[in-house]
Amino acid sequence: MTDITSLNINGERLWQSLMELAKIGATPKGGNCRLALTALDGQARDMVCGWMREAGMTITVDQVGNIFGRRPGRNPSLPPVATGSHIDTQPTGGKFDGCFGVMAGLEVMRTLHENNIETEAPMELIIWTNEEGTRFVPVMMGSGAFCEVFPIETALDAVDLDGKSVREELKNIGYDGDYPVPGHAFGSYIEAHIEQGPVLEANDNVIGVVTGSLGLRWYDVAVTGMEAHAGPTPMELRKDALYSASYIVQGVIDIAREYAPQGRGTVGVLDVYPSSRNVIPGKVSFSVDLRHEDSALLDEMEARFRKLCADVAQGEHTGYTTDIAITDIQQFPPTPFAPHLINSVRAQAEARGYSHQDIVTGAGHDAVFVASKHPTSMIFIPCKDGISHNEIEDAKPEHVAIGANVLLGAMLEQAKVC
């Protein structure tokens, strides 16, 4: 076969596989709750590994539970052309986040297997451990350890809210592999994913050619004032931690707006102590998430955020001082993807007649960590109303098939059909 654009995946089978996977951890609203390394995650891994073996792949599991399904190539000395994503979900997650990338990769391998197509380089399908970071921190754990973003002990020693560690939970579900971490090289890595935003749908395009990712910086902020009775304490004698925190929360949003269109600012977690109706809040803790595609501008955003916190601590806006502590949680820089893989994705979309546009991902993905070590790109498809991390997350069957076809073509272009 010389024209790889004449080969297509089985869209109906891909959709059925997604729906079958979605039954494991299904929620009443039609979504998924399948947290990393739970029994449900183990059940889903077992099912997908079975499908991978049926498609002619051999399975390897590494020390942090990452799963590698290898399809041999004519030249086994070449690094594999890889794809993958994750199958763990948010507590109120959907059917497609992460799962589409794994099932699209599986469908690529099934298509090659049933058509007896040989490639020069091996091909690999990967299920990364704990991408979501919901049950265990750090986020994107499996790819981060594999690519030496952090030590393997950081991953294995992480514990959930019940004190259970990654190390023991991998054993409990039978995925405590012995393949070493950090891992092997990839010739290329191409990850398919729903966009998780509204841009493609708004522009009526079906393929997002992802050129890179926004840089991300996470912080925890604690504002300490003084709790007191809400009735007897006059307004001018209060040290209301929530009032102080409100200026920072609003400031985070304002800063991001001033760095549009790629600036992002979010406060997603907020805890008020003592959380009583008639007590002035004495301490407020909250998260801050800043993102931008330009490192210098992200530095500026961080500097303005820190100055805002310092000003509020000294009484600006409120008229009273508070103690404000900022803890750095996690960060990764803006990450450009490999130009030749970006061009390959774009060329496959054009050759197949799919409407497309270049796009930057604002979300964290395993591909971002992989890009720190290996040539990487991503393929986006639309999701309904741009909604993700939500039980109503949805995608069209035809878009799912289109994304998998582009993945098939881009991977074959790299692996070389014999």
# chains A, B, ... in the order shown; residues from 1 in each chain; ligands from 1
call {"tool": "select_by_dssp", "arguments": {"residues": "region 91-183 of chain A", "states": "helix (DSSP H, G or I)", "output": "PyMOL selection string"}}
result
chain A and resi 99-114+141-146+152-156+166-173
call {"tool": "select_by_dssp", "arguments": {"residues": "region 66-190 of chain A", "states": "strand (DSSP E or B)", "output": "PyMOL selection string"}}
result
chain A and resi 67-71+81-85+93+119+123-127+159+165+179+188-190
call {"tool": "residues_around", "arguments": {"residues": "region 306-322 of chain A", "least_positions_apart": "6", "cutoff": "8 Å", "atoms": "only C-alpha atoms", "output": "short mmCIF file (atom, residue, chain, number, x, y, z; two decimals) with N, CA, C and O atoms, in the first residue's frame"}}
result
data_model
loop_
_atom_site.label_atom_id
_atom_site.label_comp_id
_atom_site.auth_asym_id
_atom_site.auth_seq_id
_atom_site.Cartn_x
_atom_site.Cartn_y
_atom_site.Cartn_z
N VAL A 223 -4.77 32.65 53.39
CA VAL A 223 -4.95 33.98 53.94
C VAL A 223 -5.44 33.84 55.38
O VAL A 223 -6.48 33.22 55.63
N THR A 224 -4.67 34.38 56.33
CA THR A 224 -5.01 34.24 57.75
C THR A 224 -5.35 35.60 58.34
O THR A 224 -4.53 36.52 58.33
N GLY A 225 -6.57 35.71 58.84
CA GLY A 225 -7.01 36.92 59.53
C GLY A 225 -7.34 36.59 60.98
O GLY A 225 -6.51 36.02 61.69
N ARG A 238 -12.48 44.48 62.10
CA ARG A 238 -12.39 43.10 61.65
C ARG A 238 -11.10 42.83 60.88
O ARG A 238 -10.51 43.74 60.28
N LYS A 239 -10.70 41.55 60.88
CA LYS A 239 -9.68 41.04 59.97
C LYS A 239 -10.28 39.84 59.25
O LYS A 239 -10.02 38.68 59.60
N ALA A 241 -10.65 37.24 56.70
CA ALA A 241 -9.77 36.57 55.74
C ALA A 241 -10.46 36.37 54.39
O ALA A 241 -9.80 36.42 53.34
N TYR A 243 -12.76 38.33 53.01
CA TYR A 243 -12.78 39.62 52.33
C TYR A 243 -11.44 39.89 51.66
O TYR A 243 -11.37 40.31 50.49
N SER A 244 -10.36 39.62 52.38
CA SER A 244 -9.02 39.79 51.79
C SER A 244 -8.82 38.84 50.62
O SER A 244 -8.32 39.23 49.55
N TYR A 247 -10.23 39.73 47.03
CA TYR A 247 -9.48 40.60 46.13
C TYR A 247 -8.47 39.81 45.30
O TYR A 247 -8.23 40.13 44.13
N ILE A 248 -7.89 38.81 45.92
CA ILE A 248 -6.92 38.00 45.18
C ILE A 248 -7.63 37.13 44.14
O ILE A 248 -7.17 37.00 43.00
N GLY A 251 -8.52 39.25 41.39
CA GLY A 251 -7.32 39.68 40.71
C GLY A 251 -6.74 38.63 39.79
O GLY A 251 -6.22 38.94 38.71
#
call {"tool": "closest_atom_pairs", "arguments": {"of": "region 108-219 of chain A", "to": "region 382-400 of chain A", "cutoff": "7 Å", "atoms": "only C-alpha atoms", "output": "Markdown table"}}
result
| residue | atom | partner | partner_atom | distance |
| --- | --- | --- | --- | --- |
| A:Ile194 | CA | A:Pro382 | CA | 5.9 |
| A:Glu195 | CA | A:Pro382 | CA | 5.6 |
| A:Gln196 | CA | A:Ser388 | CA | 5.1 |
| A:Gly197 | CA | A:Gly386 | CA | 3.9 |
| A:Pro198 | CA | A:Gly386 | CA | 3.8 |
| A:Leu200 | CA | A:Pro382 | CA | 5.6 |
| A:Glu201 | CA | A:Pro382 | CA | 5.7 |
| A:Val206 | CA | A:Pro382 | CA | 6.1 |
call {"tool": "write_last_selection", "arguments": {"atoms": "all heavy atoms", "output": "compact mmCIF listing (two decimals), in the first residue's frame"}}
result
# COMPACT_ATOMS: atom_id res chain seq x y z
N ILE A 194 -10.09 14.62 22.73
CA ILE A 194 -11.11 15.65 22.55
C ILE A 194 -10.51 17.00 22.95
O ILE A 194 -9.60 17.07 23.79
CB ILE A 194 -12.38 15.36 23.37
CG1 ILE A 194 -12.07 15.24 24.87
CG2 ILE A 194 -13.10 14.13 22.85
CD1 ILE A 194 -13.30 15.19 25.76
N GLU A 195 -11.02 18.06 22.36
CA GLU A 195 -10.42 19.38 22.61
C GLU A 195 -10.55 19.82 24.05
O GLU A 195 -9.67 20.48 24.59
CB GLU A 195 -11.06 20.42 21.69
CG GLU A 195 -10.48 21.82 21.88
CD GLU A 195 -11.32 22.92 21.27
OE1 GLU A 195 -12.26 22.62 20.50
OE2 GLU A 195 -11.05 24.10 21.58
N GLN A 196 -11.68 19.51 24.69
CA GLN A 196 -11.99 19.98 26.04
C GLN A 196 -12.20 21.49 26.08
O GLN A 196 -12.07 22.12 27.13
CB GLN A 196 -10.92 19.56 27.06
CG GLN A 196 -10.74 18.05 27.14
CD GLN A 196 -9.75 17.64 28.21
OE1 GLN A 196 -8.54 17.73 28.01
NE2 GLN A 196 -10.26 17.18 29.34
N GLY A 197 -12.51 22.07 24.97
CA GLY A 197 -12.80 23.49 24.85
C GLY A 197 -13.73 23.71 23.66
O GLY A 197 -14.02 22.78 22.90
N PRO A 198 -14.17 24.95 23.44
CA PRO A 198 -15.21 25.21 22.43
C PRO A 198 -14.70 25.73 21.09
O PRO A 198 -15.50 26.08 20.23
CB PRO A 198 -16.04 26.31 23.12
CG PRO A 198 -15.01 27.09 23.90
CD PRO A 198 -13.96 26.09 24.34
N LEU A 200 -12.93 24.51 18.32
CA LEU A 200 -13.20 23.79 17.07
C LEU A 200 -14.68 23.86 16.71
O LEU A 200 -15.04 24.11 15.55
CB LEU A 200 -12.77 22.33 17.20
CG LEU A 200 -11.27 22.06 17.26
CD1 LEU A 200 -11.01 20.56 17.49
CD2 LEU A 200 -10.57 22.51 15.99
N GLU A 201 -15.53 23.63 17.68
CA GLU A 201 -16.97 23.65 17.42
C GLU A 201 -17.41 25.04 16.98
O GLU A 201 -18.20 25.18 16.04
CB GLU A 201 -17.72 23.23 18.69
CG GLU A 201 -19.20 23.00 18.48
CD GLU A 201 -19.89 22.49 19.73
OE1 GLU A 201 -19.90 23.23 20.74
OE2 GLU A 201 -20.39 21.36 19.71
N VAL A 206 -13.26 20.14 12.29
CA VAL A 206 -13.34 18.81 12.90
C VAL A 206 -11.99 18.29 13.39
O VAL A 206 -11.95 17.31 14.13
CB VAL A 206 -13.97 17.78 11.94
CG1 VAL A 206 -15.41 18.17 11.62
CG2 VAL A 206 -13.16 17.64 10.66
call {"tool": "closest_residue", "arguments": {"among": "A:Ala303, A:Leu290, A:Val209, A:Ala325", "to": "Asn343 (chain A)", "atoms": "only C-alpha atoms"}}
result
A:Val209
call {"tool": "closest_residue", "arguments": {"among": "A:Glu302, A:Asp240, A:Asp289, A:Asp358", "to": "Tyr273 (chain A)", "atoms": "only C-alpha atoms"}}
result
A:Asp240
call {"tool": "residues_around", "arguments": {"residues": "Phe186 (chain A)", "least_positions_apart": "6", "cutoff": "8 Å", "atoms": "only C-alpha atoms", "output": "number ranges by chain"}}
result
A: 79-82, 374-375
call {"tool": "write_last_selection", "arguments": {"atoms": "N, CA and C atoms", "output": "short mmCIF file (atom, residue, chain, number, x, y, z; two decimals), in the first residue's frame"}}
result
data_model
loop_
_atom_site.label_atom_id
_atom_site.label_comp_id
_atom_site.auth_asym_id
_atom_site.auth_seq_id
_atom_site.Cartn_x
_atom_site.Cartn_y
_atom_site.Cartn_z
N PRO A 79 13.15 2.84 17.15
CA PRO A 79 12.24 3.20 18.25
C PRO A 79 10.80 3.19 17.76
N PRO A 80 9.86 2.83 18.61
CA PRO A 80 8.47 2.71 18.15
C PRO A 80 7.82 4.06 17.86
N VAL A 81 6.89 4.02 16.94
CA VAL A 81 5.97 5.15 16.73
C VAL A 81 4.80 4.91 17.67
N ALA A 82 4.62 5.82 18.61
CA ALA A 82 3.72 5.56 19.74
C ALA A 82 2.51 6.48 19.74
N HIS A 374 10.72 13.39 23.72
CA HIS A 374 10.52 12.72 22.44
C HIS A 374 9.73 13.62 21.49
N PRO A 375 9.90 13.47 20.17
CA PRO A 375 9.08 14.23 19.21
C PRO A 375 7.60 13.92 19.40
#
call {"tool": "atom_distance", "arguments": {"atom1": "CA of Thr89 (chain A)", "atom2": "CA of Ser213 (chain A)"}}
result
20.8 Å
